[in-house]
Every structure is written in structure tokens, then in C-alpha cells.
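The next block holds one structure in the form of C-alpha cells; read it before the comments.
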Amino acid sequence: MADIQWILGVEPAQMPIEWREKVRSLFLEETGEVYADASIASLPIPAWEGNLLLVDVNTYPAPTALKGLLWALPFLEDGVRIAAFAICRELQGQAWGSKAWDHLVAACHTVNKQFIQLEVKAANTRAQEFYRRRGLEVEAHLEHYYQSGLGYMMKGPVPEIQRF
Ligand SMILES: CC(C)(COP(=O)(O)OP(=O)(O)OC[C@H]1O[C@@H](n2cnc3c(N)ncnc32)[C@H](O)[C@@H]1OP(=O)(O)O)[C@@H](O)C(=O)NCCC(=O)NCCS
């Protein structure tokens, strides 16, 4: 039985190349974006609470264990930018993305970040809805960011954490 959990990731350059290859195919399959290994290796994602890998602990550390990732980086003085966020198809819609988002929000509070921003394809309405429900709005249209067409820059304040 699959046993799935989020774990902290290392910097992309420190990942074994077989893992980056799995990241590459995840991006291709779930976002349609084509990346070279060198581009993934040079992404400036630190090892921190905003660098999360979704893994199947039963097959870890084989690269096939990778089921998703959230890669965010500190941005300007008080922001965080999500550079990549993807969950493999068979695990989408099961709250794994929400869990990673909530973890990132908590991390933003810890390091005193005020806003979250990201880029998303205009055609990817499901992801936009996910972000909109979490307080982000389209702030700019990106004409040349994606090869496949229009993109949006979405941005919003880091929400208060609900305490019960
Ligand atoms: C966008 C993405 C990261 C969200 O992660 P996720 O694990 O699928 O999201 P969740 O299950 O936590 O939440 C999905 C939302 O859709 C709803 N949902 C649940 N099951 C669903 C289903 N089968 N189909 C569609 N939506 C569903 C949930 O109720 C939830 O609603 P909420 O926003 O009100 O909480 C993920 O879907 C994904 O990887 N998509 C493809 C890649 C992508 O578009 N990445 C973003 C690039 S900017």
C-alpha cells in the first residue's frame, strides 16, 4: 500500500541526477513544461520549509518514490515565490497540495514573509482557482513567459494562521 508523505528537500543542485530526471518528467507530465536538467539544477531553491517533496516512503529513496513537489524561494525582502508546484496525477485532488500550501504559509510566518507570488499558465484554470481560494489574485499578464502561451503572475498576502 502506498504510504505518502511530504518531506523536506535538498537544493536542486544537490539532488541525485536520477531524482532531477524524475522532477523533469513530473513537470512535463503535470504542467507540460519542458526543462533541461541544467535548468532544474540551477533553480535557486534553498533547503528550507518551502522546499517540499511528496514521496512514497515504501519505495524511497528510489527516484520513483517522488510523487510531487513544492519549490518556493525567498523573494525580495518580505516575499516568497513559488517556482514549481506539482503533484502526480493519481494523487491530485486528495489535499496533498493544500497540506504543502499550509506548511509554506506557516514557514512564511516563521521567517516573517508577507506575500506569496508565482507564475501560472492562463490555460491552467484549476491551479488558478486553487490559488484564488487561498487569497492570490492575477497581478500581471505575462506575454512571453511560457512558450505555450499567455501566463499570469498571481500574488497575495500570507494569510493569518487559524488558531483554535
Ligand atoms: C495545483 C495542484 C498543485 C494542487 O494540488 P492538489 O493536491 O491537487 O490540491 P488539493 O487536493 O489540496 O485541493 C484541490 C482543490 O480542488 C478540490 N478537489 C478535490 N478533489 C478534486 C478533484 N478530483 N478534481 C478537482 N478538484 C478537486 C479540492 O476540494 C480543493 O479545493 P479547495 O481549493 O477549496 O481546497 C495540483 O492539482 C497539481 O499538481 N496540478 C498540476 C500541476 C499544476 O497545475 N501546478 C501548478 C502550476 S502553477
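Order determines the names: the first chain of the C-alpha cells is A, the second B, and so forth; residues in each chain are numbered 1 upward, and ligands are numbered 1 upward as they are shown.
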Between chain A and ligand 1, at 6 Å or less, what are the per-residue closest atom pairs and their distances in Å? Count only C-alpha atoms and all ligand atoms, order by chain and rising residue number, and return it as a tab-separated table.
```
residue	atom	partner	partner_atom_place_in_ligand_line	distance
A:Glu30	CA	ligand 1	42 (C)	4.7
A:Thr31	CA	ligand 1	42 (C)	4.9
A:Phe85	CA	ligand 1	45 (N)	4.9
A:Ala86	CA	ligand 1	39 (O)	3.3
A:Ile87	CA	ligand 1	39 (O)	3.7
A:Gln92	CA	ligand 1	8 (O)	3.4
A:Gly93	CA	ligand 1	11 (O)	3.1
A:Gln94	CA	ligand 1	11 (O)	4.0
A:Ala95	CA	ligand 1	12 (O)	3.1
A:Trp96	CA	ligand 1	7 (O)	4.0
A:Gly97	CA	ligand 1	7 (O)	3.4
A:Ser98	CA	ligand 1	12 (O)	3.6
A:Glu119	CA	ligand 1	48 (S)	5.9
A:Val120	CA	ligand 1	48 (S)	4.2
A:Ala127	CA	ligand 1	1 (C)	4.4
A:Phe130	CA	ligand 1	33 (O)	4.4
A:Arg133	CA	ligand 1	33 (O)	5.7
```
Per residue of range 33-106 of chain A within 9 Å of range 7-14 of chain A, what are the shortest atom pair and its distance in Å to one decimal, counting only C-alpha atoms, with rows by chain and residue number, as a Markdown table?
```
| residue | atom | partner | partner_atom | distance |
| --- | --- | --- | --- | --- |
| A:Ala38 | CA | A:Ala13 | CA | 8.8 |
| A:Ile40 | CA | A:Pro12 | CA | 6.6 |
| A:Ala41 | CA | A:Ala13 | CA | 4.4 |
| A:Ser42 | CA | A:Ala13 | CA | 6.3 |
| A:Leu43 | CA | A:Pro12 | CA | 6.6 |
| A:Pro44 | CA | A:Glu11 | CA | 7.5 |
| A:Ile45 | CA | A:Glu11 | CA | 5.7 |
| A:Pro46 | CA | A:Glu11 | CA | 5.3 |
| A:Ala47 | CA | A:Val10 | CA | 4.9 |
| A:Trp48 | CA | A:Leu8 | CA | 7.1 |
| A:Glu49 | CA | A:Leu8 | CA | 6.6 |
| A:Gly50 | CA | A:Leu8 | CA | 8.1 |
| A:Asn51 | CA | A:Gly9 | CA | 5.2 |
| A:Leu52 | CA | A:Leu8 | CA | 4.7 |
| A:Leu53 | CA | A:Ile7 | CA | 5.3 |
| A:Leu54 | CA | A:Ile7 | CA | 6.3 |
| A:Val55 | CA | A:Ile7 | CA | 7.2 |
| A:Leu69 | CA | A:Gly9 | CA | 8.7 |
| A:Trp71 | CA | A:Gly9 | CA | 8.7 |
```
Selection from above, N, CA and C atoms, as a PDB file, in the first residue's frame, can you write it?
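Produced file result24.pdb, reproduced below:
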```pdb
ATOM      1  N   ALA A  38      19.979  21.000 -16.545  1.00  0.00           N
ATOM      2  CA  ALA A  38      20.779  22.129 -16.041  1.00  0.00           C
ATOM      3  C   ALA A  38      19.879  23.244 -15.497  1.00  0.00           C
ATOM      4  N   ILE A  40      16.926  22.828 -14.098  1.00  0.00           N
ATOM      5  CA  ILE A  40      16.402  22.388 -12.799  1.00  0.00           C
ATOM      6  C   ILE A  40      17.499  22.498 -11.745  1.00  0.00           C
ATOM      7  N   ALA A  41      18.713  22.049 -12.108  1.00  0.00           N
ATOM      8  CA  ALA A  41      19.828  22.072 -11.144  1.00  0.00           C
ATOM      9  C   ALA A  41      20.161  23.495 -10.710  1.00  0.00           C
ATOM     10  N   SER A  42      19.895  24.477 -11.575  1.00  0.00           N
ATOM     11  CA  SER A  42      20.282  25.847 -11.226  1.00  0.00           C
ATOM     12  C   SER A  42      19.150  26.636 -10.560  1.00  0.00           C
ATOM     13  N   LEU A  43      18.004  26.001 -10.336  1.00  0.00           N
ATOM     14  CA  LEU A  43      16.930  26.714  -9.626  1.00  0.00           C
ATOM     15  C   LEU A  43      17.407  27.052  -8.205  1.00  0.00           C
ATOM     16  N   PRO A  44      17.281  28.308  -7.803  1.00  0.00           N
ATOM     17  CA  PRO A  44      17.850  28.722  -6.508  1.00  0.00           C
ATOM     18  C   PRO A  44      16.923  28.444  -5.324  1.00  0.00           C
ATOM     19  N   ILE A  45      16.550  27.171  -5.177  1.00  0.00           N
ATOM     20  CA  ILE A  45      15.643  26.792  -4.085  1.00  0.00           C
ATOM     21  C   ILE A  45      16.485  26.328  -2.899  1.00  0.00           C
ATOM     22  N   PRO A  46      16.462  27.061  -1.803  1.00  0.00           N
ATOM     23  CA  PRO A  46      17.265  26.608  -0.656  1.00  0.00           C
ATOM     24  C   PRO A  46      16.629  25.389   0.010  1.00  0.00           C
ATOM     25  N   ALA A  47      17.412  24.742   0.880  1.00  0.00           N
ATOM     26  CA  ALA A  47      16.849  23.695   1.732  1.00  0.00           C
ATOM     27  C   ALA A  47      16.182  24.410   2.898  1.00  0.00           C
ATOM     28  N   TRP A  48      14.849  24.498   2.862  1.00  0.00           N
ATOM     29  CA  TRP A  48      14.093  25.162   3.937  1.00  0.00           C
ATOM     30  C   TRP A  48      12.676  24.624   3.939  1.00  0.00           C
ATOM     31  N   GLU A  49      11.826  25.190   4.771  1.00  0.00           N
ATOM     32  CA  GLU A  49      10.464  24.660   4.912  1.00  0.00           C
ATOM     33  C   GLU A  49       9.599  24.884   3.672  1.00  0.00           C
ATOM     34  N   GLY A  50      10.117  25.650   2.719  1.00  0.00           N
ATOM     35  CA  GLY A  50       9.408  25.862   1.462  1.00  0.00           C
ATOM     36  C   GLY A  50       9.959  24.987   0.337  1.00  0.00           C
ATOM     37  N   ASN A  51      10.753  23.994   0.698  1.00  0.00           N
ATOM     38  CA  ASN A  51      11.291  23.035  -0.279  1.00  0.00           C
ATOM     39  C   ASN A  51      10.798  21.659   0.152  1.00  0.00           C
ATOM     40  N   LEU A  52       9.676  21.239  -0.454  1.00  0.00           N
ATOM     41  CA  LEU A  52       8.997  20.023  -0.001  1.00  0.00           C
ATOM     42  C   LEU A  52       8.876  19.001  -1.124  1.00  0.00           C
ATOM     43  N   LEU A  53       9.141  17.763  -0.799  1.00  0.00           N
ATOM     44  CA  LEU A  53       8.989  16.666  -1.759  1.00  0.00           C
ATOM     45  C   LEU A  53       7.914  15.720  -1.239  1.00  0.00           C
ATOM     46  N   LEU A  54       7.001  15.350  -2.119  1.00  0.00           N
ATOM     47  CA  LEU A  54       5.974  14.364  -1.764  1.00  0.00           C
ATOM     48  C   LEU A  54       6.504  12.994  -2.180  1.00  0.00           C
ATOM     49  N   VAL A  55       6.658  12.105  -1.206  1.00  0.00           N
ATOM     50  CA  VAL A  55       7.273  10.812  -1.522  1.00  0.00           C
ATOM     51  C   VAL A  55       6.436   9.648  -1.006  1.00  0.00           C
ATOM     52  N   LEU A  69       6.092  17.921  -5.757  1.00  0.00           N
ATOM     53  CA  LEU A  69       6.987  18.840  -5.057  1.00  0.00           C
ATOM     54  C   LEU A  69       6.402  20.245  -4.980  1.00  0.00           C
ATOM     55  N   TRP A  71       8.335  23.880  -4.624  1.00  0.00           N
ATOM     56  CA  TRP A  71       9.621  24.564  -4.544  1.00  0.00           C
ATOM     57  C   TRP A  71       9.368  26.061  -4.478  1.00  0.00           C
TER      58      TRP A  71
END
```
Asp3 in chain A surroundings by only C-alpha atoms, 9 Å radius, close-in-sequence under 2 positions cut, as a VMD selection string = chain A and resid 1 5 55 to 58
Keeping only N, CA and C atoms, write those residues as a PDB file, in the first residue's frame.
```
ATOM      1  N   MET A   1       0.846  -1.199   0.000  1.00  0.00           N
ATOM      2  CA  MET A   1       0.000   0.000   0.000  1.00  0.00           C
ATOM      3  C   MET A   1       0.879   1.245   0.000  1.00  0.00           C
ATOM      4  N   GLN A   5       3.952  10.857   2.047  1.00  0.00           N
ATOM      5  CA  GLN A   5       4.125  11.994   2.959  1.00  0.00           C
ATOM      6  C   GLN A   5       5.020  13.077   2.355  1.00  0.00           C
ATOM      7  N   VAL A  55       6.658  12.105  -1.206  1.00  0.00           N
ATOM      8  CA  VAL A  55       7.273  10.812  -1.522  1.00  0.00           C
ATOM      9  C   VAL A  55       6.436   9.648  -1.006  1.00  0.00           C
ATOM     10  N   ASP A  56       6.626   8.523  -1.685  1.00  0.00           N
ATOM     11  CA  ASP A  56       6.087   7.245  -1.218  1.00  0.00           C
ATOM     12  C   ASP A  56       7.191   6.606  -0.376  1.00  0.00           C
ATOM     13  N   VAL A  57       6.976   6.557   0.929  1.00  0.00           N
ATOM     14  CA  VAL A  57       8.056   6.105   1.815  1.00  0.00           C
ATOM     15  C   VAL A  57       8.397   4.629   1.607  1.00  0.00           C
ATOM     16  N   ASN A  58       7.497   3.882   0.983  1.00  0.00           N
ATOM     17  CA  ASN A  58       7.777   2.464   0.762  1.00  0.00           C
ATOM     18  C   ASN A  58       8.828   2.233  -0.315  1.00  0.00           C
TER      19      ASN A  58
END
```
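Restricting the calculation to only C-alpha atoms, the smallest distance between Tyr145 in chain A and any of A:Leu73, A:Glu33, A:Leu66, A:Asp102 is found for A:Glu33.
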task = Rank nothing, just name the residue among A:Asp78, A:Arg132, A:Thr59, A:Arg126 nearest to Thr110 in chain A, using only C-alpha atoms.
result = A:Asp78
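On the backbone of this structure, DSSP gives strand (DSSP E) within range 33-115 of chain A to A:Asn51, A:Leu52, A:Leu53, A:Leu54, A:Val55, A:Asp56, A:Leu66, A:Lys67, A:Gly68, A:Leu69, A:Leu70, A:Trp71, A:Ala72, A:Leu73, A:Pro74, A:Phe75, A:Gly79, A:Val80, A:Arg81, A:Ile82, A:Ala83, A:Ala84, A:Phe85, A:Ala86, A:Ile87, A:Phe115.
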Once you have the residues from the selection above, write them out as a PDB file, in the first residue's frame, restricted to N, CA and C atoms.
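Generated file (result22.pdb):
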```pdb
ATOM      1  N   ASN A  51      10.753  23.994   0.698  1.00  0.00           N
ATOM      2  CA  ASN A  51      11.291  23.035  -0.279  1.00  0.00           C
ATOM      3  C   ASN A  51      10.798  21.659   0.152  1.00  0.00           C
ATOM      4  N   LEU A  52       9.676  21.239  -0.454  1.00  0.00           N
ATOM      5  CA  LEU A  52       8.997  20.023  -0.001  1.00  0.00           C
ATOM      6  C   LEU A  52       8.876  19.001  -1.124  1.00  0.00           C
ATOM      7  N   LEU A  53       9.141  17.763  -0.799  1.00  0.00           N
ATOM      8  CA  LEU A  53       8.989  16.666  -1.759  1.00  0.00           C
ATOM      9  C   LEU A  53       7.914  15.720  -1.239  1.00  0.00           C
ATOM     10  N   LEU A  54       7.001  15.350  -2.119  1.00  0.00           N
ATOM     11  CA  LEU A  54       5.974  14.364  -1.764  1.00  0.00           C
ATOM     12  C   LEU A  54       6.504  12.994  -2.180  1.00  0.00           C
ATOM     13  N   VAL A  55       6.658  12.105  -1.206  1.00  0.00           N
ATOM     14  CA  VAL A  55       7.273  10.812  -1.522  1.00  0.00           C
ATOM     15  C   VAL A  55       6.436   9.648  -1.006  1.00  0.00           C
ATOM     16  N   ASP A  56       6.626   8.523  -1.685  1.00  0.00           N
ATOM     17  CA  ASP A  56       6.087   7.245  -1.218  1.00  0.00           C
ATOM     18  C   ASP A  56       7.191   6.606  -0.376  1.00  0.00           C
ATOM     19  N   LEU A  66       9.241   9.698  -5.875  1.00  0.00           N
ATOM     20  CA  LEU A  66       8.822  11.105  -5.965  1.00  0.00           C
ATOM     21  C   LEU A  66       7.433  11.220  -6.584  1.00  0.00           C
ATOM     22  N   LYS A  67       6.502  11.839  -5.840  1.00  0.00           N
ATOM     23  CA  LYS A  67       5.120  11.967  -6.290  1.00  0.00           C
ATOM     24  C   LYS A  67       4.682  13.419  -6.453  1.00  0.00           C
ATOM     25  N   GLY A  68       5.524  14.339  -6.022  1.00  0.00           N
ATOM     26  CA  GLY A  68       5.153  15.748  -6.158  1.00  0.00           C
ATOM     27  C   GLY A  68       6.188  16.630  -5.506  1.00  0.00           C
ATOM     28  N   LEU A  69       6.092  17.921  -5.757  1.00  0.00           N
ATOM     29  CA  LEU A  69       6.987  18.840  -5.057  1.00  0.00           C
ATOM     30  C   LEU A  69       6.402  20.245  -4.980  1.00  0.00           C
ATOM     31  N   LEU A  70       6.864  20.957  -3.975  1.00  0.00           N
ATOM     32  CA  LEU A  70       6.598  22.392  -3.848  1.00  0.00           C
ATOM     33  C   LEU A  70       7.953  23.044  -3.657  1.00  0.00           C
ATOM     34  N   TRP A  71       8.335  23.880  -4.624  1.00  0.00           N
ATOM     35  CA  TRP A  71       9.621  24.564  -4.544  1.00  0.00           C
ATOM     36  C   TRP A  71       9.368  26.061  -4.478  1.00  0.00           C
ATOM     37  N   ALA A  72       9.640  26.630  -3.321  1.00  0.00           N
ATOM     38  CA  ALA A  72       9.479  28.070  -3.138  1.00  0.00           C
ATOM     39  C   ALA A  72      10.808  28.660  -2.677  1.00  0.00           C
ATOM     40  N   LEU A  73      10.967  29.952  -2.955  1.00  0.00           N
ATOM     41  CA  LEU A  73      12.206  30.607  -2.548  1.00  0.00           C
ATOM     42  C   LEU A  73      11.915  31.993  -1.986  1.00  0.00           C
ATOM     43  N   PRO A  74      12.746  32.436  -1.044  1.00  0.00           N
ATOM     44  CA  PRO A  74      12.598  33.798  -0.549  1.00  0.00           C
ATOM     45  C   PRO A  74      12.726  34.767  -1.714  1.00  0.00           C
ATOM     46  N   PHE A  75      11.891  35.803  -1.713  1.00  0.00           N
ATOM     47  CA  PHE A  75      11.829  36.706  -2.864  1.00  0.00           C
ATOM     48  C   PHE A  75      11.702  38.135  -2.358  1.00  0.00           C
ATOM     49  N   GLY A  79       8.914  38.635   0.648  1.00  0.00           N
ATOM     50  CA  GLY A  79       8.063  37.766  -0.140  1.00  0.00           C
ATOM     51  C   GLY A  79       8.631  36.374  -0.346  1.00  0.00           C
ATOM     52  N   VAL A  80       7.763  35.520  -0.883  1.00  0.00           N
ATOM     53  CA  VAL A  80       8.154  34.165  -1.255  1.00  0.00           C
ATOM     54  C   VAL A  80       7.603  33.917  -2.648  1.00  0.00           C
ATOM     55  N   ARG A  81       8.419  33.309  -3.494  1.00  0.00           N
ATOM     56  CA  ARG A  81       7.954  32.983  -4.850  1.00  0.00           C
ATOM     57  C   ARG A  81       7.917  31.466  -5.001  1.00  0.00           C
ATOM     58  N   ILE A  82       6.781  30.965  -5.465  1.00  0.00           N
ATOM     59  CA  ILE A  82       6.686  29.535  -5.757  1.00  0.00           C
ATOM     60  C   ILE A  82       7.190  29.334  -7.177  1.00  0.00           C
ATOM     61  N   ALA A  83       8.311  28.618  -7.296  1.00  0.00           N
ATOM     62  CA  ALA A  83       8.907  28.379  -8.612  1.00  0.00           C
ATOM     63  C   ALA A  83       8.325  27.137  -9.267  1.00  0.00           C
ATOM     64  N   ALA A  84       7.873  26.189  -8.461  1.00  0.00           N
ATOM     65  CA  ALA A  84       7.284  24.967  -9.024  1.00  0.00           C
ATOM     66  C   ALA A  84       6.388  24.322  -7.973  1.00  0.00           C
ATOM     67  N   PHE A  85       5.261  23.790  -8.461  1.00  0.00           N
ATOM     68  CA  PHE A  85       4.294  23.127  -7.574  1.00  0.00           C
ATOM     69  C   PHE A  85       3.568  22.097  -8.434  1.00  0.00           C
ATOM     70  N   ALA A  86       3.802  20.846  -8.181  1.00  0.00           N
ATOM     71  CA  ALA A  86       3.152  19.814  -8.993  1.00  0.00           C
ATOM     72  C   ALA A  86       2.995  18.533  -8.186  1.00  0.00           C
ATOM     73  N   ILE A  87       1.850  17.923  -8.355  1.00  0.00           N
ATOM     74  CA  ILE A  87       1.534  16.643  -7.717  1.00  0.00           C
ATOM     75  C   ILE A  87       1.206  15.678  -8.855  1.00  0.00           C
ATOM     76  N   PHE A 115       4.113  38.200   1.591  1.00  0.00           N
ATOM     77  CA  PHE A 115       3.340  37.866   0.397  1.00  0.00           C
ATOM     78  C   PHE A 115       3.908  36.653  -0.323  1.00  0.00           C
TER      79      PHE A 115
END
```
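The space separating CA of Phe27 in chain A from CA of Gly135 in chain A comes to 24.4 Å.
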Pairwise distance for CA of Ala62 in chain A and CA of Cys88 in chain A, rounded to one decimal in Å = 16.0 Å
request  = Select, from A:Gln147, A:Val105, A:Asn124, A:His141, the residue with the minimum atom-to-atom distance to Ile161 in chain A, counting only C-alpha atoms.
outcome  = A:Val105
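CA of Leu150 in chain A to CA of Ser25 in chain A spans 22.4 Å [interatomic distance, one decimal].
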inquiry  = Among chain A, which ones does DSSP assign to alpha helix (DSSP H) (computed from the backbone)? Answer as an MDAnalysis selection string.
reply    = chainID A and resid 17:31 37:41 96:110 125:132
